[in-house]
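One structure is given here, and the rest of the page talks about it.
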Amino acid sequence: MSESKVSNKSNVKRQTQLGEVWTRLKKNKLAMTGVLIIIIMAIIAIFADFIAPYDYAEQNLSSSLQFPSKSHIFGTDEFGRDIFSRLIFGSRISLAVGFIAVGIAVIIGGILGSVAGFYGGVIDNFIMRCMDVLLSIPPILLSIAILAALGPGLMNLMIATGISAIPGYARIVRASVLSIKEQEFVEAARAVGSTDIRIIIKHIIPNCLAPLMVQATLGMASAILTAAGLSFIGLGIQPPTPEWGAMLSGGRGFIRDYPYITFFPGLAIAMTIFGLNVLGDGLRDALDPKLKN
Amino acid sequence: MIKYILRRLLFFIPVILGVIFIVFTLLHITPGDPAKIILGQGATPESVQALRQEMGLNKPFLVQFFIYLRDLIIHQDIGISYVTKMPVMVSILGCLPYTFKLALASIFVGIIFGIPTGIISAVKQYSIFDNVTMVLALIGLSMPVFWLGLLLIILFSVQLGWLPASGFDSFKSMILPSLALGSQSVAMFARMTRSSMLEIIRQDYIRTIRAKGQKEIVITIMHTLRNSLIPIITIVGVQFGTLLGGALLTESVFSIPGIGRLMVDSIKTRDYPVVQGGVLIIAIFVCIVNLIVDIIYGFVDPRIKSQYV
């Protein structure tokens, strides 16, 4: 009975905190633009089957390389495929890559960071030195090395992008854990006999969520960018899957006469990244207690 | 100061060893028998076995790693290309100058455009200049470097015909790639300079200097900027690593024969030793840059220096 009372209380508290953050975020016009872009992208990705006027793989050589027109608003590529439809289906790939890569990085990085911060000493030193090593390889290069070992493909692309992002999350979680674990409520939890794992999961992780959320939003942007870059150089997703980076790369041979083939996929990438970046920035400001007033 | 540098150097060694270990492990788990790939389709099992023996591929993993490490340190040998049968190091050293020139030129673009923009934005906070440049910076951060590169080619090479679309030998041919790769740095440096300066601008000692009647320009450059330098130097250092990674894509767009281009070509021919060699060499350079940044901290920030006197 007393336990449910406590948890009810903490729920109320958390909601108001979230509400407070949301109120502050709403005042930031740029961040709201980001929210809007991301919502639109998500809707497009979910309802791609209904929005796209053509199938993404449908080839029609008689209408290849057509400039944007009423029937093909973004034009067609060298196989006569409708670029607009391909972009719409491509949003699924990019968002999936962003989500899953960040998911991998958050889970593994979060575990490593909380263990390092919580236990300190030799374990901390070992984990963080390993992270230093990973950090010293530029993410896109590390992804390339991993992809070369695993082979190209969507799943491997997500894994490679995810692994190369781990150190950033580990560092952030570790830093939060270090400051949180000294607080009295952790001591109290230990005094009533909570196990280490319970303390980490129930008390420490919920308190690291704010910086993690900011990093995850910005991290999704860089994961999508890295994945598009890898597909651009032919290491990521293989044709005919409509990935934005790969589409851009496919249009390179035609930039002299048909520049729109490279223009639209790049615009789609840039808009998504822009949306995530401004939202991440806005979240950071909204969560920053120094800027509260 | 020497103590500080020595300490940094000691930290540097395990990181480099870790990087070499990761790259070696990844190369090791890459599918395909190197001996078979080198000898080609028609090789007899005996000759494959003989080459495996000669290359030490039958030895345990850790032994192979130490042989790799020994060859790397003593002979600067990081394997043989499957395709050209040449030492990987030779091809990489041939490409390195291009990648370096590109990264340095882009950092330069970033510094000369980014830092002054950040300074003006901070001094004139919330002015039109500040708002416009910060939105532009966000847009700059969101543009994929390969897309921006292609757009620049479309505009300046194809439409206007002012600048060449490929190569990296003349000054003219360096402009577009450096702008494409440097644009993100411009945005990054401008944002970092602005936010770092804004923290300092509000400090009491800046108000004191102003109260004493010091000229605004002196306050900005000698006091505010000087004290904001640590985060700016950090981001310049971090950015150098990112740029070496981004150089990969830029080189591919502008057909620059640098390491990135070499690696991309090698990926297509499955020439994995070259790919991993490229990763290794760039990672080592990133570590060296980090080391240099750490040492610069010591010179810029007397608090760090004083810890080691």
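Naming works like this for the structure tokens: A, B, ... for the chains as they're shown, residue 1 at the start of each chain, ligands 1 onward in shown order.
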Using only C-alpha atoms, determine which residues of chain B fall within 9 Å of chain A; present them as a PyMOL selection string. chain B and resi 14-19+22-23+26-31+135+138-148+150-151+153-154+158-159+241-246+248-249+252-253+264+267-268+270+272+275-276+278-280+282-284+286-287+290
Quick one: everything within 12 Å of Lys172 (chain B), counting only C-alpha atoms, minus sequence neighbours fewer than 4 positions away in the same chain. Send it as a ChimeraX atom specification. /B:156-157,161-168,176-179
With only C-alpha atoms as the counted atoms, please give the residues lying no more than 12 Å from Asn60 (chain A), apart from itself and same-chain residues fewer than 5 positions off, as a PyMOL selection string. chain A and resi 54-55+65-66+76-82
Let's have the selection written as an mmCIF file, in the first residue's frame, with N, CA and C atoms.
```cif
data_model
loop_
_atom_site.group_PDB
_atom_site.id
_atom_site.type_symbol
_atom_site.label_atom_id
_atom_site.label_comp_id
_atom_site.auth_asym_id
_atom_site.auth_seq_id
_atom_site.Cartn_x
_atom_site.Cartn_y
_atom_site.Cartn_z
ATOM 1 N N TYR A 54 3.298 5.806 -57.022
ATOM 2 C CA TYR A 54 3.780 4.653 -57.785
ATOM 3 C C TYR A 54 4.492 3.697 -56.845
ATOM 4 N N ASP A 55 4.771 2.498 -57.364
ATOM 5 C CA ASP A 55 5.568 1.549 -56.592
ATOM 6 C C ASP A 55 7.043 1.980 -56.694
ATOM 7 N N LEU A 65 14.085 9.314 -67.087
ATOM 8 C CA LEU A 65 14.720 10.636 -67.061
ATOM 9 C C LEU A 65 13.774 11.766 -67.464
ATOM 10 N N GLN A 66 12.579 11.761 -66.875
ATOM 11 C CA GLN A 66 11.653 12.858 -67.140
ATOM 12 C C GLN A 66 11.799 13.933 -66.077
ATOM 13 N N THR A 76 11.561 11.454 -62.917
ATOM 14 C CA THR A 76 11.852 10.015 -62.873
ATOM 15 C C THR A 76 13.341 9.793 -63.055
ATOM 16 N N ASP A 77 13.831 8.635 -62.595
ATOM 17 C CA ASP A 77 15.260 8.345 -62.742
ATOM 18 C C ASP A 77 15.536 7.586 -64.035
ATOM 19 N N GLU A 78 16.765 7.078 -64.156
ATOM 20 C CA GLU A 78 17.146 6.486 -65.440
ATOM 21 C C GLU A 78 16.364 5.212 -65.772
ATOM 22 N N PHE A 79 15.726 4.610 -64.779
ATOM 23 C CA PHE A 79 14.907 3.426 -65.049
ATOM 24 C C PHE A 79 13.429 3.793 -65.163
ATOM 25 N N GLY A 80 13.125 5.072 -65.154
ATOM 26 C CA GLY A 80 11.734 5.497 -65.244
ATOM 27 C C GLY A 80 10.974 5.348 -63.939
ATOM 28 N N ARG A 81 11.706 5.173 -62.819
ATOM 29 C CA ARG A 81 11.022 5.054 -61.528
ATOM 30 C C ARG A 81 10.700 6.441 -60.996
ATOM 31 N N ASP A 82 9.554 6.542 -60.353
ATOM 32 C CA ASP A 82 9.093 7.830 -59.841
ATOM 33 C C ASP A 82 9.901 8.219 -58.598
#
```
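Residue neighbourhood of region 113-118 of chain A, excluding near-sequence residues (fewer than 5 positions): Ile123, Asp124, Ile127, Ala170, Arg171, Val173, Arg174, Ala175, Val177, Leu178 and Lys181 of chain A, at 7 Å, using only C-alpha atoms.
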Using only C-alpha atoms, which protein or nucleic acid residues come within 9 Å of region 224-234 of chain B? Drop anything in the same chain fewer than 4 positions from it, and give the result as number ranges by chain. B: 115, 119, 189, 192-193, 195-201, 206, 218-220, 238-239, 290, 293-294, 296-297, 300-301
If we count only C-alpha atoms, what is near Val83 (chain B) at a cut-off of 10 Å, once residues fewer than 5 positions away on the same chain are taken out, given as a PyMOL selection string? chain B and resi 37-38+40+266+269-274
Please save N, CA and C atoms of the selected residues as a short mmCIF file (atom, residue, chain, number, x, y, z; two decimals), in the first residue's frame.
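Here's the written file out.cif:
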```
data_model
loop_
_atom_site.label_atom_id
_atom_site.label_comp_id
_atom_site.auth_asym_id
_atom_site.auth_seq_id
_atom_site.Cartn_x
_atom_site.Cartn_y
_atom_site.Cartn_z
N ILE B 37 42.32 -15.56 -51.83
CA ILE B 37 42.01 -14.36 -52.61
C ILE B 37 43.25 -13.89 -53.36
N ILE B 38 44.41 -13.95 -52.69
CA ILE B 38 45.64 -13.47 -53.34
C ILE B 38 45.99 -14.38 -54.52
N GLY B 40 44.03 -16.32 -56.24
CA GLY B 40 43.03 -16.32 -57.30
C GLY B 40 42.31 -17.66 -57.40
N SER B 266 38.56 0.40 -52.96
CA SER B 266 38.95 -0.92 -52.44
C SER B 266 37.74 -1.67 -51.90
N THR B 269 36.21 -3.45 -54.79
CA THR B 269 36.92 -4.65 -55.25
C THR B 269 37.17 -5.63 -54.10
N ARG B 270 36.57 -5.38 -52.96
CA ARG B 270 36.75 -6.22 -51.77
C ARG B 270 38.20 -6.36 -51.36
N ASP B 271 38.94 -5.30 -51.54
CA ASP B 271 40.35 -5.31 -51.18
C ASP B 271 40.46 -4.87 -49.71
N TYR B 272 40.07 -5.76 -48.80
CA TYR B 272 39.90 -5.36 -47.41
C TYR B 272 41.16 -4.88 -46.70
N PRO B 273 42.34 -5.46 -46.98
CA PRO B 273 43.53 -4.93 -46.28
C PRO B 273 43.72 -3.44 -46.51
N VAL B 274 43.40 -2.97 -47.72
CA VAL B 274 43.54 -1.54 -48.01
C VAL B 274 42.51 -0.74 -47.21
#
```
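If you look at CA of Ala35 (chain B) and CA of Asp265 (chain B), they are 20.9 Å away from each other.
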Excluding Ile44 (chain A) and any residue of its chain fewer than 5 positions from it, enumerate the residues within 8 Å of it, using only C-alpha atoms, and give them as a PyMOL selection string. chain A and resi 51+88+91
Kindly save the residues from that selection, with N, CA and C atoms included, as a PDB file, in the first residue's frame.
```pdb
ATOM      1  N   ILE A  51       0.451   7.058 -49.636  1.00  0.00           N
ATOM      2  CA  ILE A  51       0.844   8.369 -50.149  1.00  0.00           C
ATOM      3  C   ILE A  51       1.537   8.255 -51.506  1.00  0.00           C
ATOM      4  N   ILE A  88       9.526   8.663 -50.702  1.00  0.00           N
ATOM      5  CA  ILE A  88       8.568   8.366 -49.634  1.00  0.00           C
ATOM      6  C   ILE A  88       8.867   7.021 -48.996  1.00  0.00           C
ATOM      7  N   SER A  91      11.967   7.084 -46.759  1.00  0.00           N
ATOM      8  CA  SER A  91      11.882   7.630 -45.408  1.00  0.00           C
ATOM      9  C   SER A  91      11.799   6.504 -44.386  1.00  0.00           C
TER      10      SER A  91
END
```
